[in-house]
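S.K.: The following block contains the structure, expressed as structure tokens.
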Amino acid sequence: MNILVMNCGSSSLKFQLIDAQTEELTAKGLCERIGIDGSRITFSAAGHKKWSRQVPMDNHREAVRLVLDALTDRGTGVVRDLSMIGAVGHRIVHGGEAFSKACLITKEVKEAIAACSDLAPLHNPANLIGVEACEALLPGVPMVAVFDTAFHQTLPEEAYLYAIPYRYYEQYKIRKYGFHGTSHDYVSHRAAQLLGKPYDTLKIIVCHLGNGASVSAVKYGKCVDTSMGMTPLEGLAMGTRSGDLDPSILEFIANKEGKSIGEIINILNKESGVLGVSGGFSSDFRDLESGLAEGARALGVFALRTAKYIGAYVAAMNGVDAICFTAGVGENSAFMRDKICNTYLGYLGITLDEEANHKRGEEIVITTPESRTKVFVIPTNEELAIARQTYALVK
Ligand code: AMP
């Protein structure tokens with residue numbers, strides 16, 4: 001069965017068509033600048049030349065129509081007609097406390113996703129627009145919602161509550177939700193497979209280090225803590241997000257610069273993290289690793305923060321069997337893995353295998369056989385995880 005995996009943002013749409021039985025990627029692509037001048041679709045499929053075209057797309061429905069046309073195109077398409085798409089798996093960012101696993105999308109599910117929009121105002125409405133566009137153009141095809149937050153719904157109360165008046169949790173559901181759940185789920189399961197041990201007997205730390213970054217602690221098969229919070233702004237220093245900071249800084253900057261809370265939150269989301277610490281030099285780790293002092297300063301902050309979260313999660317689980325690096329930086333930056341492990345994690349008995357650490361793009365153990373704790377690089381595959389969860393619900 002072919003599963004179409006959809007990831008809709010406010011002006012973009014990423015898609016993959018995956019054969020659920022063979023788990024092969026049949027086609028993938030991207031629509032950008034939906035509803036803005038200069039909309040563009042890019043499409044690549046096995047056995048065909050990648051192409052990219054500027055085409056007007058006034059809304060997501062038009063974008064989905066173009067994707068379906070591309071998939072079924074006589075010349076460059078990959079399926080005969082739309083009846084060959086068995087189901088659509090949608091990435092939904094926030095499921096609040098309502099969703100602890102993927103589910104078939106019904107009218108009630110859409111209402112519940114809309115009710116979580118308060119918690120993810122930029123993401124959930126866009127995700128829902130994508131669902132509705134697919135429903136209109138693929139009538140009768142089952143739609144499945146896969147939530148970024150679902151994997152973290154096993155967090156115990158002491159991990160998800162903030163130390164603020166309890167009524168804020170009761171009234172507004174202010175609590176830690178966590179994100180990147182599909183990735184943490186996929187990578188922690190792979191680690192258990194690679195260790196050859198049952199998932200529910202292990203203590204695993206997953207470091208998803210990309211432009212957005214988060215760490216999670218998975219103890220005996222359940223996520224028990226994670227670094228992102230009610231929103232993705234909490235936790236690690238990221239590409240452009242600040243991560244943790246003293247909340248009083250908001251008032252201080254507001255007073256100094258006459259800015260509103262909204263404006264400061266925007267700075268914390270878009271102008272901070274390694275971009276901010278490097279004085280606006282770059283949010284891309286390849287640039288930061290080029291040897292300039294601004295880059296080194298930002299990388300230093302990023303590495304220490306990540307190592308401190310790893311330490312915190314060793315404490316939260318009272319031990320660790322494996323640490324996994326994934327996502328753009330985690331998978332590709334030997335420099336960052338070296339800096340985190342060799343500078344800060346010696347107390348866990350970790351010894352890196354330098355040669356293995358310099359390999360790229362493969363699932364690999366990067367510690368020596370003597371290392372007391374194993375460290376893995378495991379390329380994440382959120383789309384495949386979404387396709388698997390979708391297939392499991394519709395087959
Ligand atoms: P992601 O959000 O997971 O797609 O990760 C994107 C980030 O990965 C980019 O912004 C880069 O900073 C980082 N990245 C990608 N390739 C490399 C590389 N070879 N070395 C260091 N960082 C990289």
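Residues in the structure tokens are numbered from 1 in each chain, the chains being A, B, ... in the order shown, and ligands are numbered from 1 in the order shown.
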Please give me, as a PyMOL selection string, the residues lying within 10 Å of ligand 1 when counting only C-alpha atoms and all ligand atoms.

M.R.: chain A and resi 208-213+238-240+274+282-290+326-336+360-361+379-380

S.K.: Could you pull out all residues of region 180-386 of chain A with a DSSP call of alpha helix (DSSP H) and give them as JSON, numbers by chain?

M.R.: {"A": [181, 182, 183, 184, 185, 186, 187, 188, 189, 190, 191, 192, 193, 194, 195, 248, 249, 250, 251, 252, 253, 254, 255, 256, 257, 261, 262, 263, 264, 265, 266, 267, 268, 269, 270, 273, 274, 275, 276, 277, 285, 286, 287, 288, 293, 294, 295, 296, 297, 298, 299, 300, 301, 302, 303, 304, 305, 306, 307, 308, 309, 310, 311, 312, 313, 314, 315, 316, 317, 327, 328, 329, 330, 331, 332, 334, 335, 336, 337, 338, 339, 340, 341, 342, 343, 344, 354, 355, 356, 357, 382, 383, 384, 385, 386]}

S.K.: Which of region 124-340 of chain A counts as strand (DSSP E) under DSSP, as a list in words please?

M.R.: Met143, Val144, Ala145, Val146, Phe147, Lys203, Ile204, Ile205, Val206, Cys207, His208, Leu209, Ala213, Ser214, Val215, Ser216, Ala217, Val218, Lys219, Lys222, Cys223, Val224, Asp225, Thr226, Ala322, Ile323, Cys324, Phe325 and Thr326 of chain A

S.K.: Find, counting only C-alpha atoms, the residue in A:Ser214, A:Tyr220, A:His152, A:Ser183 that gets nearest to Asp200 (chain A).

M.R.: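 Of A:Ser214, A:Tyr220, A:His152, A:Ser183, the one nearest Asp200 (chain A), counting only C-alpha atoms, is A:Tyr220.
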
S.K.: Closest to Thr42 (chain A) among A:Ala70, A:Val64, A:Leu299, A:Leu4, using only C-alpha atoms?

M.R.: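 Among the listed residues, A:Ala70 lies closest to Thr42 (chain A).
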
S.K.: Need the shell around Glu62 (chain A): protein/DNA/RNA residues with any atom at most 9 Å away, counting only C-alpha atoms. Skip same-chain ones fewer than 6 positions apart. Format as a PyMOL selection string?

M.R.: chain A and resi 34+56+133

S.K.: Using all heavy atoms, can you export the residues from the last selection as a CSV table (one decimal), in the first residue's frame?

M.R.:
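In the end it all went to result_9.csv:
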chain,number,residue,atom,x,y,z
A,34,ILE,N,3.4,28.9,-0.5
A,34,ILE,CA,2.0,28.8,-0.8
A,34,ILE,C,1.3,30.1,-0.4
A,34,ILE,O,1.5,30.5,0.8
A,34,ILE,CB,1.4,27.5,-0.1
A,34,ILE,CG1,2.1,26.3,-0.5
A,34,ILE,CG2,-0.1,27.4,-0.3
A,34,ILE,CD1,1.8,25.0,0.4
A,56,PRO,N,1.7,29.2,-9.7
A,56,PRO,CA,1.0,29.9,-8.7
A,56,PRO,C,0.2,28.9,-7.8
A,56,PRO,O,-0.4,27.9,-8.3
A,56,PRO,CB,0.0,30.7,-9.5
A,56,PRO,CG,0.4,30.6,-10.9
A,56,PRO,CD,1.3,29.4,-11.1
A,133,ALA,N,-7.5,19.9,2.9
A,133,ALA,CA,-7.2,19.9,1.4
A,133,ALA,C,-7.2,18.4,0.9
A,133,ALA,O,-7.7,18.1,-0.1
A,133,ALA,CB,-5.9,20.6,1.2

S.K.: So how far away is CA of Ile350 (chain A) from CA of Thr182 (chain A), in Å?

M.R.: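 According to the coordinates, CA of Thr182 (chain A) and CA of Ile350 (chain A) are separated by 27.0 Å.
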
S.K.: Would you mind listing what lies within 10 Å of region 112-121 of chain A as an mmCIF file with all heavy atoms, in the first residue's frame, with only C-alpha atoms counted and same-chain residues fewer than 4 positions away left out?

M.R.:
data_model
loop_
_atom_site.group_PDB
_atom_site.id
_atom_site.type_symbol
_atom_site.label_atom_id
_atom_site.label_comp_id
_atom_site.auth_asym_id
_atom_site.auth_seq_id
_atom_site.Cartn_x
_atom_site.Cartn_y
_atom_site.Cartn_z
ATOM 1 N N ILE A 92 1.057 16.131 12.724
ATOM 2 C CA ILE A 92 0.352 17.176 13.466
ATOM 3 C C ILE A 92 1.246 17.564 14.645
ATOM 4 O O ILE A 92 1.693 16.697 15.405
ATOM 5 C CB ILE A 92 -1.020 16.664 14.003
ATOM 6 C CG1 ILE A 92 -1.861 16.038 12.871
ATOM 7 C CG2 ILE A 92 -1.768 17.783 14.718
ATOM 8 C CD1 ILE A 92 -2.437 16.956 11.849
ATOM 9 N N VAL A 93 1.513 18.847 14.780
ATOM 10 C CA VAL A 93 2.511 19.249 15.772
ATOM 11 C C VAL A 93 2.019 19.051 17.204
ATOM 12 O O VAL A 93 2.697 18.444 18.020
ATOM 13 C CB VAL A 93 2.977 20.703 15.516
ATOM 14 C CG1 VAL A 93 3.759 21.250 16.712
ATOM 15 C CG2 VAL A 93 3.856 20.739 14.272
ATOM 16 N N HIS A 94 0.829 19.542 17.538
ATOM 17 C CA HIS A 94 0.419 19.536 18.947
ATOM 18 C C HIS A 94 -0.862 18.739 19.169
ATOM 19 O O HIS A 94 -1.896 19.067 18.606
ATOM 20 C CB HIS A 94 0.201 20.966 19.439
ATOM 21 C CG HIS A 94 0.678 21.183 20.845
ATOM 22 N ND1 HIS A 94 0.257 20.391 21.885
ATOM 23 C CD2 HIS A 94 1.542 22.080 21.371
ATOM 24 C CE1 HIS A 94 0.855 20.816 23.005
ATOM 25 N NE2 HIS A 94 1.647 21.842 22.717
ATOM 26 N N GLY A 95 -0.760 17.725 19.980
ATOM 27 C CA GLY A 95 -1.951 16.940 20.324
ATOM 28 C C GLY A 95 -2.387 17.189 21.755
ATOM 29 O O GLY A 95 -3.290 16.511 22.254
ATOM 30 N N GLY A 96 -1.745 18.148 22.436
ATOM 31 C CA GLY A 96 -2.113 18.455 23.822
ATOM 32 C C GLY A 96 -2.130 17.196 24.671
ATOM 33 O O GLY A 96 -1.326 16.285 24.484
ATOM 34 N N GLU A 97 -3.077 17.141 25.623
ATOM 35 C CA GLU A 97 -3.218 15.927 26.447
ATOM 36 C C GLU A 97 -4.226 14.966 25.829
ATOM 37 O O GLU A 97 -4.468 13.892 26.364
ATOM 38 C CB GLU A 97 -3.675 16.302 27.858
ATOM 39 C CG GLU A 97 -2.587 16.968 28.680
ATOM 40 C CD GLU A 97 -2.995 17.145 30.134
ATOM 41 O OE1 GLU A 97 -4.181 17.380 30.407
ATOM 42 O OE2 GLU A 97 -2.104 17.070 30.993
ATOM 43 N N ALA A 98 -4.802 15.387 24.674
ATOM 44 C CA ALA A 98 -5.878 14.582 24.086
ATOM 45 C C ALA A 98 -5.354 13.357 23.350
ATOM 46 O O ALA A 98 -6.064 12.369 23.212
ATOM 47 C CB ALA A 98 -6.703 15.440 23.133
ATOM 48 N N PHE A 99 -4.101 13.409 22.862
ATOM 49 C CA PHE A 99 -3.627 12.330 21.997
ATOM 50 C C PHE A 99 -2.309 11.741 22.499
ATOM 51 O O PHE A 99 -1.305 12.437 22.572
ATOM 52 C CB PHE A 99 -3.436 12.844 20.569
ATOM 53 C CG PHE A 99 -4.708 13.339 19.953
ATOM 54 C CD1 PHE A 99 -4.969 14.703 19.887
ATOM 55 C CD2 PHE A 99 -5.656 12.450 19.457
ATOM 56 C CE1 PHE A 99 -6.152 15.170 19.338
ATOM 57 C CE2 PHE A 99 -6.839 12.903 18.904
ATOM 58 C CZ PHE A 99 -7.095 14.274 18.842
ATOM 59 N N ILE A 105 -8.327 10.121 11.431
ATOM 60 C CA ILE A 105 -8.909 11.458 11.572
ATOM 61 C C ILE A 105 -10.419 11.408 11.305
ATOM 62 O O ILE A 105 -10.868 10.941 10.263
ATOM 63 C CB ILE A 105 -8.222 12.451 10.606
ATOM 64 C CG1 ILE A 105 -6.724 12.535 10.938
ATOM 65 C CG2 ILE A 105 -8.883 13.816 10.691
ATOM 66 C CD1 ILE A 105 -5.930 13.489 10.068
ATOM 67 N N THR A 106 -11.169 11.869 12.312
ATOM 68 C CA THR A 106 -12.624 11.987 12.198
ATOM 69 C C THR A 106 -12.967 13.457 12.461
ATOM 70 O O THR A 106 -12.075 14.257 12.782
ATOM 71 C CB THR A 106 -13.317 11.149 13.287
ATOM 72 O OG1 THR A 106 -12.857 11.656 14.561
ATOM 73 C CG2 THR A 106 -12.977 9.676 13.178
ATOM 74 N N LYS A 107 -14.247 13.774 12.391
ATOM 75 C CA LYS A 107 -14.682 15.145 12.680
ATOM 76 C C LYS A 107 -14.267 15.524 14.119
ATOM 77 O O LYS A 107 -13.761 16.612 14.369
ATOM 78 C CB LYS A 107 -16.212 15.193 12.533
ATOM 79 C CG LYS A 107 -16.812 16.556 12.628
ATOM 80 C CD LYS A 107 -18.264 16.494 12.129
ATOM 81 C CE LYS A 107 -19.073 17.629 12.718
ATOM 82 N NZ LYS A 107 -19.444 17.447 14.131
ATOM 83 N N GLU A 108 -14.446 14.574 15.057
ATOM 84 C CA GLU A 108 -14.114 14.849 16.464
ATOM 85 C C GLU A 108 -12.607 15.076 16.631
ATOM 86 O O GLU A 108 -12.168 15.924 17.409
ATOM 87 C CB GLU A 108 -14.545 13.684 17.377
ATOM 88 C CG GLU A 108 -16.044 13.484 17.534
ATOM 89 C CD GLU A 108 -16.732 12.962 16.274
ATOM 90 O OE1 GLU A 108 -16.115 12.157 15.546
ATOM 91 O OE2 GLU A 108 -17.885 13.381 16.013
ATOM 92 N N PRO A 125 -3.161 25.094 13.024
ATOM 93 C CA PRO A 125 -4.101 25.519 11.968
ATOM 94 C C PRO A 125 -3.588 25.134 10.580
ATOM 95 O O PRO A 125 -4.364 24.659 9.743
ATOM 96 C CB PRO A 125 -4.159 27.041 12.148
ATOM 97 C CG PRO A 125 -3.792 27.264 13.589
ATOM 98 C CD PRO A 125 -2.766 26.211 13.890
ATOM 99 N N ALA A 126 -2.285 25.273 10.343
ATOM 100 C CA ALA A 126 -1.719 24.907 9.036
ATOM 101 C C ALA A 126 -1.836 23.406 8.813
ATOM 102 O O ALA A 126 -2.181 22.944 7.719
ATOM 103 C CB ALA A 126 -0.256 25.336 8.958
ATOM 104 N N ASN A 127 -1.573 22.613 9.859
ATOM 105 C CA ASN A 127 -1.699 21.156 9.740
ATOM 106 C C ASN A 127 -3.136 20.777 9.351
ATOM 107 O O ASN A 127 -3.364 19.931 8.496
ATOM 108 C CB ASN A 127 -1.357 20.449 11.058
ATOM 109 C CG ASN A 127 0.079 20.662 11.529
ATOM 110 O OD1 ASN A 127 0.374 20.518 12.708
ATOM 111 N ND2 ASN A 127 0.970 21.016 10.633
ATOM 112 N N LEU A 128 -4.110 21.441 9.981
ATOM 113 C CA LEU A 128 -5.524 21.136 9.694
ATOM 114 C C LEU A 128 -5.925 21.527 8.279
ATOM 115 O O LEU A 128 -6.706 20.824 7.627
ATOM 116 C CB LEU A 128 -6.424 21.880 10.687
ATOM 117 C CG LEU A 128 -6.775 21.143 11.972
ATOM 118 C CD1 LEU A 128 -7.680 22.004 12.834
ATOM 119 C CD2 LEU A 128 -7.471 19.809 11.671
ATOM 120 N N ALA A 145 -3.668 10.998 11.790
ATOM 121 C CA ALA A 145 -2.910 12.074 12.445
ATOM 122 C C ALA A 145 -1.807 11.456 13.293
ATOM 123 O O ALA A 145 -2.069 10.563 14.101
ATOM 124 C CB ALA A 145 -3.835 12.897 13.336
ATOM 125 N N PHE A 147 1.121 12.652 15.904
ATOM 126 C CA PHE A 147 1.409 13.856 16.691
ATOM 127 C C PHE A 147 2.862 13.917 17.162
ATOM 128 O O PHE A 147 3.395 12.922 17.661
ATOM 129 C CB PHE A 147 0.497 13.889 17.922
ATOM 130 C CG PHE A 147 -0.963 13.934 17.563
ATOM 131 C CD1 PHE A 147 -1.692 12.750 17.425
ATOM 132 C CD2 PHE A 147 -1.609 15.132 17.338
ATOM 133 C CE1 PHE A 147 -3.031 12.771 17.076
ATOM 134 C CE2 PHE A 147 -2.947 15.169 16.989
ATOM 135 C CZ PHE A 147 -3.660 13.980 16.851
ATOM 136 N N TYR A 172 -5.472 26.140 32.313
ATOM 137 C CA TYR A 172 -5.022 26.362 30.926
ATOM 138 C C TYR A 172 -4.181 25.223 30.368
ATOM 139 O O TYR A 172 -3.681 25.328 29.252
ATOM 140 C CB TYR A 172 -4.183 27.649 30.838
ATOM 141 C CG TYR A 172 -4.827 28.871 31.433
ATOM 142 C CD1 TYR A 172 -4.202 29.569 32.463
ATOM 143 C CD2 TYR A 172 -6.062 29.326 30.970
ATOM 144 C CE1 TYR A 172 -4.782 30.703 33.019
ATOM 145 C CE2 TYR A 172 -6.649 30.453 31.514
ATOM 146 C CZ TYR A 172 -6.003 31.136 32.548
ATOM 147 O OH TYR A 172 -6.585 32.242 33.088
ATOM 148 N N LYS A 173 -3.987 24.175 31.152
ATOM 149 C CA LYS A 173 -3.142 23.039 30.717
ATOM 150 C C LYS A 173 -1.697 23.464 30.409
ATOM 151 O O LYS A 173 -1.060 22.940 29.483
ATOM 152 C CB LYS A 173 -3.753 22.335 29.492
ATOM 153 C CG LYS A 173 -5.083 21.666 29.784
ATOM 154 C CD LYS A 173 -4.888 20.405 30.602
ATOM 155 C CE LYS A 173 -6.196 19.833 31.117
ATOM 156 N NZ LYS A 173 -6.141 19.331 32.480
ATOM 157 N N ILE A 174 -1.222 24.459 31.181
ATOM 158 C CA ILE A 174 0.183 24.855 31.022
ATOM 159 C C ILE A 174 1.053 23.764 31.641
ATOM 160 O O ILE A 174 0.977 23.497 32.853
ATOM 161 C CB ILE A 174 0.457 26.223 31.697
ATOM 162 C CG1 ILE A 174 -0.308 27.321 30.958
ATOM 163 C CG2 ILE A 174 1.968 26.512 31.736
ATOM 164 C CD1 ILE A 174 -0.181 28.703 31.564
ATOM 165 N N TYR A 177 4.929 19.565 27.171
ATOM 166 C CA TYR A 177 4.382 18.576 26.223
ATOM 167 C C TYR A 177 5.498 17.849 25.468
ATOM 168 O O TYR A 177 5.443 16.661 25.273
ATOM 169 C CB TYR A 177 3.426 19.248 25.222
ATOM 170 C CG TYR A 177 2.142 19.692 25.868
ATOM 171 C CD1 TYR A 177 1.965 21.014 26.284
ATOM 172 C CD2 TYR A 177 1.110 18.783 26.102
ATOM 173 C CE1 TYR A 177 0.794 21.415 26.901
ATOM 174 C CE2 TYR A 177 -0.065 19.175 26.724
ATOM 175 C CZ TYR A 177 -0.215 20.497 27.127
ATOM 176 O OH TYR A 177 -1.367 20.886 27.740
ATOM 177 N N MET A 230 6.132 23.444 26.837
ATOM 178 C CA MET A 230 4.773 23.682 26.346
ATOM 179 C C MET A 230 4.840 24.077 24.876
ATOM 180 O O MET A 230 3.939 23.801 24.100
ATOM 181 C CB MET A 230 4.107 24.794 27.150
ATOM 182 C CG MET A 230 2.675 25.006 26.744
ATOM 183 S SD MET A 230 1.802 26.176 27.763
ATOM 184 C CE MET A 230 2.020 27.680 26.838
ATOM 185 N N THR A 231 5.950 24.736 24.517
ATOM 186 C CA THR A 231 6.228 25.080 23.118
ATOM 187 C C THR A 231 7.647 24.593 22.812
ATOM 188 O O THR A 231 8.397 24.238 23.733
ATOM 189 C CB THR A 231 6.150 26.607 22.873
ATOM 190 O OG1 THR A 231 7.338 27.209 23.398
ATOM 191 C CG2 THR A 231 4.918 27.224 23.514
ATOM 192 N N PRO A 232 8.051 24.641 21.542
ATOM 193 C CA PRO A 232 9.422 24.185 21.214
ATOM 194 C C PRO A 232 10.524 25.151 21.636
ATOM 195 O O PRO A 232 11.686 24.918 21.344
ATOM 196 C CB PRO A 232 9.385 24.068 19.674
ATOM 197 C CG PRO A 232 7.939 24.001 19.317
ATOM 198 C CD PRO A 232 7.238 24.843 20.337
#

S.K.: I'd like the neighbourhood of Thr22 (chain A) as JSON, numbers by chain, where a residue qualifies if any of its atoms comes within 10 Å (using only C-alpha atoms), though same-chain residues fewer than 4 positions away should be ignored.

M.R.: {"A": [1, 2, 18]}

S.K.: For Asp225 (chain A), work out the shell of residues within 6 Å, counting only C-alpha atoms and skipping chain neighbours fewer than 2 positions away, then give it as JSON, numbers by chain.

M.R.: {"A": [155, 159, 216, 217, 223]}

S.K.: Let me make sure I understand: among A:Ser12, A:Ser248, A:Ser278, A:Asn255, which one has the smallest atom-to-atom distance to Leu292 (chain A) if we use only C-alpha atoms?

M.R.: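 Nearest to Leu292 (chain A): A:Ser278.
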
S.K.: Considering only C-alpha atoms, return as a PyMOL selection string whatever protein or nucleic-acid residues lie within 12 Å of Gly140 (chain A), sequence-local ones (same chain, fewer than 5 positions apart) excluded.

M.R.: chain A and resi 82-83+85-88+105-106+134-135
